[in-house]
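Contents: one structure, followed by commentary.
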Number of protein chains: 2
Amino acid sequence: MSQNGLRYRDLLAEELAEVDHLLLGVHRLQEGVSPLIREALGRLVMSGGKRLRPALALLSTYLYGEALPPQAYPVAASLEMLHTATLIHDDLLDHAEVRRGHRTLNTRWTMGATVLGGDLAFSWAANLVAQGDNTMLVRRFAETLGTICNGELNQLFHGRGKVPTVDAYYARIFAKTGSLFQLAMEVGPWLRRRPREEIQRLGDFGRSLGIAFQIADDVLDFMGDEATLGKPVGGDLRQGLVTLPVLYYLESHPHEAHLRHILAQVKEGRAPDEETVQALVLDLRHSDAAERAMATAEQHIEKALAQLAAYPPSPYRAALEEIARFAVRRRY
Amino acid sequence: MSQNGLRYRDLLAEELAEVDHLLLGVHRLQEGVSPLIREALGRLVMSGGKRLRPALALLSTYLYGEALPPQAYPVAASLEMLHTATLIHDDLLDHAEVRRGHRTLNTRWTMGATVLGGDLAFSWAANLVAQGDNTMLVRRFAETLGTICNGELNQLFHGRGKVPTVDAYYARIFAKTGSLFQLAMEVGPWLRRRPREEIQRLGDFGRSLGIAFQIADDVLDFMGDEATLGKPVGGDLRQGLVTLPVLYYLESHPHEAHLRHILAQVKEGRAPDEETVQALVLDLRHSDAAERAMATAEQHIEKALAQLAAYPPSPYRAALEEIARFAVRRRY
């Protein structure tokens with residue numbers, strides 16, 4: 001996904017540079033981090049992230065006025081670090097080899113070192129959020145990490161190789177993406193000490209945006225081209241993950257056989273055979289499943305945008321609106 | 001290690017029951033934790049821990065007066081949860097099969113689920129410490145987690161299969177045990193908003209206690225009997241970990257050959273042969289290495305106890321003194 005031209009990158013150029021500065025210096029939070037560890041984790045944090053989560057945190061804070069409280073920087077940085085830490089462990093679990101165009105930590109380090117590297121990144125994220133000097137934000141940060149981990153555990157124990165209900169699908173993508181977007185958008189009202197209903201309102205914007213974002217991601221997994229995606233299409237299917245476009249496809253093709261075959265193989269702990277995966281990907285591409293899923297994502301974006309109407313027009317609100325519209329206009 | 005008769009368990013019976021109550025209810029911090037996950041993590045947290053770290057936190061708070069601030073409970077619980085989370089990942093890395101007399105999570109769950117289970121426990125620990133409503137304590141908590149992980153990473157990348165300097169040995173055991181004991185003892189002065197020198201003083205007590213405790217543990221690894229230890233002696237050697245008694249033994253036996261053989265095998269990624277491990281264990285048992293190491297541990301305890309002299313006598317100070325003396329009187 002290319003986000004050239006998205007205005008938040010210009011609007012927040014200085015602020016995001018400060019966030020990067022904090023992320024790069026984070027190893028100084030304790031003594032004795034060896035250059036090897038520093039460089040490996042530093043490269044990971046700095047490699048090509050869109051800084052979308054920090055940007056949401058900064059924009060939500062700017063919705064309440066121009067003077068940015070200094071705590072906004074470490075808190076914004078903490079969200080990126082938390083995201084990075086969860087990706088380190090995810091890539092280990094998924095045996096992923098490439099992330100953001102670079103080799104993953106698990107391809108270069110042992111399993112043990114990768115686990116500890118992720119843990120170290122968690123500690124840095126916690127340290128950064130604590131610098132925000134707001135214990136309620138720390139609690140929300142911890143809750144969000146819990147939601148993410150619990151969602152993945154539920155997926156491992158109860159989800160893989162199964163056709164989920166639509167509700168279970170939404171619970172999973174809320175845990176995976178929606179929860180951290182929600183937290184990012186809550187940062188502003190928490191730091192500005194605004195009343196609960198404003199935390200709720202901007203949190204709702206974040207959650208709906210995150211859910212739309214993830215649906216679009218799940219559609220891209222079928223419809224994208226491998227060059228743009230940087231990974232083969234059908235990756236979710238290969239892991240036995242059934243996403244919204246597949247659920248929609250099943251509605252109109254209740255006797256679909258490829259999927260049953262794939263899920264049976266995943267359940268037995270085998271890699272599904274490539275021919276069947278490719279066949280199902282093609283069927284999906286030729287159906288209206290992607291279109292229907294994107295229409296659903298757009299509904300979530302409309303819901304998100306409605307929350308912003310309560311705020312006076314500003315470049316910051318406009319940037320948030322642009323991010324929301326862009327989330328469902330990604331090319332494939 | 002049996003701690004029957006240690007007075008802190010009676011003195012803090014009610015407080016530690018409240019800590020257990022918080023630990024058991026911690027899964028309620030987010031929705032949708034499945035019974036399977038709840039039971040597995042709950043069993044781990046509740047199985048036979050001595051609650052030494054929570055006890056230190058509570059005792060350090062009581063040094064400043066009888067009325068315990070309610071924040072002391074979740075903070076004390078957070079230390080036990082943090083300790084549990086690090087053990088989950090440690091046991092995974094070490095392929096340990098038994099912990100506190102129970103099968104480890106990694107023997108029952110896949111690698112991926114065990115990683116996520118530890119992460120979930122980290123999130124609960126962070127949530128509990130945030131309930132202490134003191135962001136400096138959260139930062140110290142995060143720093144301590146960072147110190148622990150970084151110490152283990154350094155060990156993995158730079159330490160295993162090598163004879164460390166004495167300084168490197170101390171850096172490792174500070175990271176492994178001293179840092180969390182230090183944090184536990186800082187809880188009182190942080191929650192009571194005492195000046196920096198008191199945080200320093202009680203932190204020093206905790207650090208010295210933790211270091212003595214770990215030296216005693218390292219001695220036990222050679223001198224203990226397998227029934228009491230619950231694991232085979234020489235476990236550190238088998239992992240290529242050179243501890244203080246071995247360093248002392250090498251001083252008087254510079255041409256020792258077994259160790260070189262063991263470390264060469266570990267470096268090649270092999271398990272050292274059992275005969276050589278047993279031979280070195282016997283040599284150590286028949287030397288004065290254990291005695292010398294315990295004498296060093298006692299010196300650290302004396303240093304720790306000197307810090308307590310600044311506080312008026314009380315049952316809480318007496319309980320801390322007893323814990324300190326007990327740390328180096330463990331039977332083998």
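We name chains A, B, ... following the order of the structure tokens; residues begin at 1 in each chain, and ligands are numbered from 1 as shown.
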For stretch 283-288 of chain B: contacts at 12 Å, only C-alpha atoms, fewer than 2 positions along chain excluded, given as a ChimeraX atom specification: /B:219-225,233-234,237,243-253,256-259,276-281,290-295,332
Up to 7 Å from chain B, what residues of chain A turn up? Count only C-alpha atoms and give them as an NGL selection string. :A and (29-30 or 33 or 93 or 112-113 or 116 or 119-120 or 123-124 or 126-127 or 130 or 133-135 or 138-139 or 142-143 or 145-147 or 149-150 or 153)
Export of the given selection (N, CA and C atoms) as an mmCIF file, in the first residue's frame:
```
data_model
loop_
_atom_site.group_PDB
_atom_site.id
_atom_site.type_symbol
_atom_site.label_atom_id
_atom_site.label_comp_id
_atom_site.auth_asym_id
_atom_site.auth_seq_id
_atom_site.Cartn_x
_atom_site.Cartn_y
_atom_site.Cartn_z
ATOM 1 N N LEU A 29 16.918 3.458 27.039
ATOM 2 C CA LEU A 29 16.113 3.319 28.256
ATOM 3 C C LEU A 29 16.746 2.348 29.227
ATOM 4 N N GLN A 30 17.636 1.482 28.760
ATOM 5 C CA GLN A 30 18.416 0.751 29.762
ATOM 6 C C GLN A 30 19.839 0.533 29.284
ATOM 7 N N VAL A 33 22.540 -2.481 26.198
ATOM 8 C CA VAL A 33 21.959 -3.094 25.003
ATOM 9 C C VAL A 33 23.074 -3.198 23.965
ATOM 10 N N LEU A 93 5.514 -16.704 14.740
ATOM 11 C CA LEU A 93 4.479 -17.737 14.775
ATOM 12 C C LEU A 93 4.085 -18.178 13.375
ATOM 13 N N GLY A 112 14.351 -18.487 20.237
ATOM 14 C CA GLY A 112 14.487 -17.896 21.569
ATOM 15 C C GLY A 112 14.831 -16.429 21.517
ATOM 16 N N ALA A 113 15.789 -16.068 20.684
ATOM 17 C CA ALA A 113 16.195 -14.668 20.597
ATOM 18 C C ALA A 113 15.053 -13.816 20.045
ATOM 19 N N LEU A 116 12.588 -13.110 22.825
ATOM 20 C CA LEU A 116 13.125 -12.096 23.734
ATOM 21 C C LEU A 116 13.211 -10.719 23.078
ATOM 22 N N ASP A 119 9.877 -9.294 23.346
ATOM 23 C CA ASP A 119 9.635 -8.899 24.739
ATOM 24 C C ASP A 119 10.341 -7.574 25.065
ATOM 25 N N LEU A 120 11.567 -7.443 24.577
ATOM 26 C CA LEU A 120 12.309 -6.199 24.807
ATOM 27 C C LEU A 120 11.560 -5.030 24.166
ATOM 28 N N SER A 123 8.761 -4.010 26.333
ATOM 29 C CA SER A 123 9.190 -3.215 27.493
ATOM 30 C C SER A 123 9.426 -1.765 27.074
ATOM 31 N N TRP A 124 9.978 -1.571 25.887
ATOM 32 C CA TRP A 124 10.213 -0.205 25.398
ATOM 33 C C TRP A 124 8.885 0.499 25.134
ATOM 34 N N ALA A 126 6.070 -0.073 26.675
ATOM 35 C CA ALA A 126 5.484 0.256 27.976
ATOM 36 C C ALA A 126 6.174 1.473 28.580
ATOM 37 N N ASN A 127 7.477 1.543 28.408
ATOM 38 C CA ASN A 127 8.213 2.685 28.933
ATOM 39 C C ASN A 127 7.764 3.979 28.256
ATOM 40 N N ALA A 130 4.356 5.065 29.438
ATOM 41 C CA ALA A 130 4.420 5.600 30.814
ATOM 42 C C ALA A 130 4.899 7.044 30.810
ATOM 43 N N ASP A 133 2.578 9.953 31.211
ATOM 44 C CA ASP A 133 2.231 10.465 32.537
ATOM 45 C C ASP A 133 0.730 10.411 32.807
ATOM 46 N N ASN A 134 0.081 9.384 32.318
ATOM 47 C CA ASN A 134 -1.365 9.253 32.469
ATOM 48 C C ASN A 134 -1.639 7.760 32.673
ATOM 49 N N THR A 135 -1.933 7.372 33.922
ATOM 50 C CA THR A 135 -2.026 5.932 34.185
ATOM 51 C C THR A 135 -3.248 5.308 33.512
ATOM 52 N N VAL A 138 -2.018 4.168 30.313
ATOM 53 C CA VAL A 138 -1.222 2.942 30.468
ATOM 54 C C VAL A 138 -2.150 1.736 30.577
ATOM 55 N N ARG A 139 -3.236 1.907 31.342
ATOM 56 C CA ARG A 139 -4.175 0.785 31.469
ATOM 57 C C ARG A 139 -4.801 0.431 30.136
ATOM 58 N N ALA A 142 -2.307 -1.453 28.150
ATOM 59 C CA ALA A 142 -2.174 -2.848 28.599
ATOM 60 C C ALA A 142 -3.386 -3.667 28.165
ATOM 61 N N GLU A 143 -4.582 -3.081 28.289
ATOM 62 C CA GLU A 143 -5.800 -3.773 27.847
ATOM 63 C C GLU A 143 -5.731 -4.103 26.359
ATOM 64 N N LEU A 145 -3.021 -4.478 24.450
ATOM 65 C CA LEU A 145 -2.087 -5.594 24.243
ATOM 66 C C LEU A 145 -2.769 -6.908 24.605
ATOM 67 N N GLY A 146 -3.514 -6.901 25.722
ATOM 68 C CA GLY A 146 -4.231 -8.110 26.124
ATOM 69 C C GLY A 146 -5.246 -8.539 25.077
ATOM 70 N N THR A 147 -5.970 -7.575 24.527
ATOM 71 C CA THR A 147 -6.971 -7.877 23.504
ATOM 72 C C THR A 147 -6.312 -8.493 22.265
ATOM 73 N N CYS A 149 -3.367 -10.127 22.062
ATOM 74 C CA CYS A 149 -2.842 -11.477 22.348
ATOM 75 C C CYS A 149 -3.972 -12.474 22.509
ATOM 76 N N ASN A 150 -5.010 -12.062 23.220
ATOM 77 C CA ASN A 150 -6.125 -12.970 23.448
ATOM 78 C C ASN A 150 -6.820 -13.311 22.129
ATOM 79 N N LEU A 153 -4.675 -15.883 20.484
ATOM 80 C CA LEU A 153 -4.789 -17.176 21.167
ATOM 81 C C LEU A 153 -6.110 -17.852 20.820
#
```
Output as an NGL selection string all residues of stretch 143-277 of chain A that backbone DSSP marks as alpha helix (DSSP H). :A and (143-154 or 166-173 or 179-191 or 196-223 or 226-229 or 235-238 or 244-252 or 258-267 or 274-277)
If we count only C-alpha atoms and set the cut-off at 10 Å, which residues sit around B:Ala318, ignoring sequence neighbours fewer than 6 positions away in its own chain? Please answer as JSON, numbers by chain. {"B": [7, 8, 59, 308, 324]}
Which residue is closest to B:Arg201? Choose from B:Ala264, B:Leu241, B:Ala319, B:Ala310 and count only C-alpha atoms.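 Of B:Ala264, B:Leu241, B:Ala319, B:Ala310, the one nearest B:Arg201 is B:Ala310, counting only C-alpha atoms.
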